[in-house]
Amino acid sequence: MPEIHIKVSSVEGKAVPIHGNDIDTDQIIPARFMKCVTFDGLGEYAFYDVRHDEQGNLKGHPFDEERYANASIMIVNSNFGCGSSREHAPQALARCGIRGIIGESYAEIFAGNCTSMGIPAVTLSQDEIKQLVASVEKDPGMTVKIDLAGGVVVAGSQRYHFEIPEAYKQSLVDGSWDSTAVLLENLDAVKETVASLPYLNGFQRAG
Amino acid sequence: MGRNLFDTVWDLHKVRTLESGQDQLFIGLHMIHEVTSPQAFQMIEERGLKVLHPERTFATVDHIVPTANQERPFQDRLAEEMMQAIENNTKKHGIEFFGLNTDRQGIVHIIGPELGLTQPGLTIACGDSHTSTHGAFGAIGFGIGTSQIRDVLATQCLAISRPRVRKINVTGTLKKGVYAKDIILKIIAELGVNGGIGYAYEYAGETIRGLSMEERMTICNMSIEGGARVGYVSPDETTIEYIKGRAYAPDGEEFERAAAFWRSIASGPDAEYDDIFELDANTLEPMVTWGITPGQAVGVSGRLPRVAELPDEHKEIADKAYAHMGFSEGQSMQGQTIDIAFLGSCTNGRISDLREAAEFLKGKKVSDSVKAFVVPGSKQVARQAEAEGLPQIFTEAGFGWRGAGCSMCLAMNPDKLQGRQICASSSNRNFVGRQGSPTGRTLLMSPVMVAAAAVAGEVVDVRDQI
């Protein structure tokens, strides 16, 4: 059985800012593009309705701006990825080349989905995000680095200490973010839990 | 003493603490549907893994099913491909599948409870954010992504961090015309769409105790719209009575033992919480959303906010909402015309929702300017409605009567808004584009408010009409 233990200690690249609070997963990947049995083709539909008008013409979105071409770090505001649990959202972003996200805050399921895909989603304060976005807009070619192990975002001469749930950081850094392998390690303990659960034992162990 | 239900149920299912600091949590019931599961099956097959507990896994189809013509093969080739994928995957892995050819198909969060699969004290996972619905029974329901579906298929466990618990204490009496939907829309408006991040919400208090199971499900369903991944109500006699006699519920002496266990896990009066929020139900009125997040809601007698008067963090999204909706600051939602009325979804597609709406519609006609339709949440809901003569009431009033599914809540099937149409909807999300048209507009409200808007052709205060 192949096991995946890829350590994600840092990601870096050009950054692309996506402005706005409460950007939901319906915006990131509209439901009509989820009619698929694999994630493969999702990249071209990321932010589709925000990027295209009803005739399919580009409206001018950071993902389509030449200055942000090939960006691998996305900078967002608060409650990013709220709404539907669809992993299609981070899967579509990953297929656009996104490897790491820096934001003010994330919806919980979205942050979990990113982590399960090996994508760090780290948090800075509102002011720090403003500063970082201003720097990137001024110099879109600059390299932004999420140094997970070091706990900092580095952008040119600036360094920001980020926050990320310790468990997410740990699993990315030690390569256990692909949780299936970790969970499979202890099936004996799972059997013990099964044996102790009232509803799996005719409710004989009530309470 | 002093323990809330969440902590009790979590500890029962905790297998161990992982090195990352997360808990390995056993999942008592895994429900799957056609949209988020095919990639997960592919992932476990690529690794040569099997489904560890197929007998704890149940499947149905809801998101993509057409509601007007359900004949196979579907006209939509992609929908047909997804249908075949779940049929093949469930057959191959020995998972019970409630397909369109059974009488148990429906929205995953509606069939779990009605089949008695959803029970107090369970951990329940499903690749759908509205899995919080099942919390109405005193279960812990999580929405999960596809990689986590892979985990649950292969190990029946999740790697997950324990959230904090906020008690939302609702007291007072709901006025006529005010429903469970209004309670949850008010909570989201007060606490914000991100207020629940990192929390499980326990809904408690005399008002919640007085609600039926279906009303409790409406409230728990929309926990995620408030940012809380989990929402629940402690089980009581209403819960136990609802479960009794259902297809997958324990019976005979086992039911009595089960009921004793269910009573034992309820949060005690002295249970501790990380936070408590109080809501007075006496002052609630019918709620209507005016914007593009479920938190942008006002009482039907109120006026839309002035952006300048909003807290800074709400200004930008309010500007976006006004630009998308085309509404004016300070206007009332009453009198706002609508084009479509949609009655259904995992929030409000149950039999009690249909009964309330039908009762209102008796002897009335849908406005000529409105297209209205009902999508029952499940085949069982549809059958019960038929036994009570509800489809006749709906069709005589001018509502279309459809087959069961998610339909225009997220518009993955042929039911979609066109252009800038405005929809009065009993569903759960008013995000831009949610109902199938990138420029379409959604007004969330209770089922009876939807019925009243369909008749008037505009948003009305249902309290004036019942």
# chains A, B, ... in the order shown; residues from 1 in each chain; ligands from 1
$ interface_residues --of "chain A" --to "chain B" --cutoff "7 Å" --atoms "only C-alpha atoms" --output "PyMOL selection string"
chain A and resi 1-2+21+26+31-32+34-38+49+79+83-87+107-109+113+116+167+170-171+179-180+183-184+189-190+193+197+202-203+206-207
$ select_by_dssp --residues "segment 15-192 of chain A" --states "strand (DSSP E)" --output "PyMOL selection string"
chain A and resi 15-17+73-75+100-103+121-123+144-147+152-155+158-161
$ residues_around --residues "segment 447-464 of chain B" --least-positions-apart "3" --cutoff "6 Å" --atoms "only C-alpha atoms" --output "list in words"
Gly177, Gln334, Gly335, Gln336, Thr337, Ile338, Ala341, Ala357, Lys365, Val366, Ser367, Ala424 and Ser426 of chain B
$ closest_residue --among "B:Tyr232, B:Phe137, B:Phe394, B:Phe97" --to "His33 of chain B" --atoms "only C-alpha atoms"
B:Phe97
$ closest_residue --among "A:Gln27, A:Asn77, A:Ser157, A:Ser9" --to "His52 of chain A" --atoms "only C-alpha atoms"
A:Gln27
$ residues_around --residues "Ser223 of chain B" --least-positions-apart "6" --cutoff "8 Å" --atoms "only C-alpha atoms" --output "compact mmCIF listing (two decimals) with all heavy atoms, in the first residue's frame"
# COMPACT_ATOMS: atom_id res chain seq x y z
N SER B 132 -24.68 19.18 9.87
CA SER B 132 -25.05 19.67 11.20
C SER B 132 -26.53 19.43 11.51
O SER B 132 -26.92 19.37 12.67
CB SER B 132 -24.74 21.17 11.30
OG SER B 132 -25.40 21.89 10.27
N ILE B 184 -33.15 30.79 13.54
CA ILE B 184 -31.76 30.59 13.11
C ILE B 184 -31.28 31.77 12.26
O ILE B 184 -30.12 32.19 12.38
CB ILE B 184 -31.56 29.21 12.42
CG1 ILE B 184 -30.08 28.96 12.15
CG2 ILE B 184 -32.38 29.07 11.15
CD1 ILE B 184 -29.20 28.85 13.38
N GLY B 196 -19.34 31.55 14.50
CA GLY B 196 -19.30 30.18 15.03
C GLY B 196 -18.04 29.41 14.70
O GLY B 196 -17.92 28.23 15.04
N TYR B 201 -22.38 24.63 18.28
CA TYR B 201 -23.48 25.36 18.90
C TYR B 201 -24.46 24.37 19.55
O TYR B 201 -24.96 23.47 18.87
CB TYR B 201 -24.26 26.17 17.84
CG TYR B 201 -23.61 27.50 17.44
CD1 TYR B 201 -24.18 28.26 16.41
CD2 TYR B 201 -22.48 27.99 18.08
CE1 TYR B 201 -23.61 29.49 16.04
CE2 TYR B 201 -21.92 29.21 17.71
CZ TYR B 201 -22.48 29.95 16.70
OH TYR B 201 -21.93 31.15 16.33
N ARG B 229 -19.50 24.44 12.55
CA ARG B 229 -19.56 23.20 11.78
C ARG B 229 -20.55 22.21 12.38
O ARG B 229 -21.07 21.33 11.70
CB ARG B 229 -18.14 22.61 11.80
CG ARG B 229 -17.89 21.54 10.82
CD ARG B 229 -16.40 21.17 10.88
NE ARG B 229 -16.05 20.24 9.85
CZ ARG B 229 -14.81 19.81 9.66
NH1 ARG B 229 -13.82 20.24 10.43
NH2 ARG B 229 -14.54 18.96 8.70
N VAL B 230 -20.78 22.36 13.69
CA VAL B 230 -21.66 21.45 14.42
C VAL B 230 -22.72 22.27 15.15
O VAL B 230 -22.40 23.31 15.72
CB VAL B 230 -20.84 20.66 15.48
CG1 VAL B 230 -21.74 19.91 16.44
CG2 VAL B 230 -19.85 19.72 14.80
N GLY B 231 -23.96 21.78 15.12
CA GLY B 231 -25.01 22.37 15.94
C GLY B 231 -25.85 21.23 16.48
O GLY B 231 -26.05 20.24 15.77
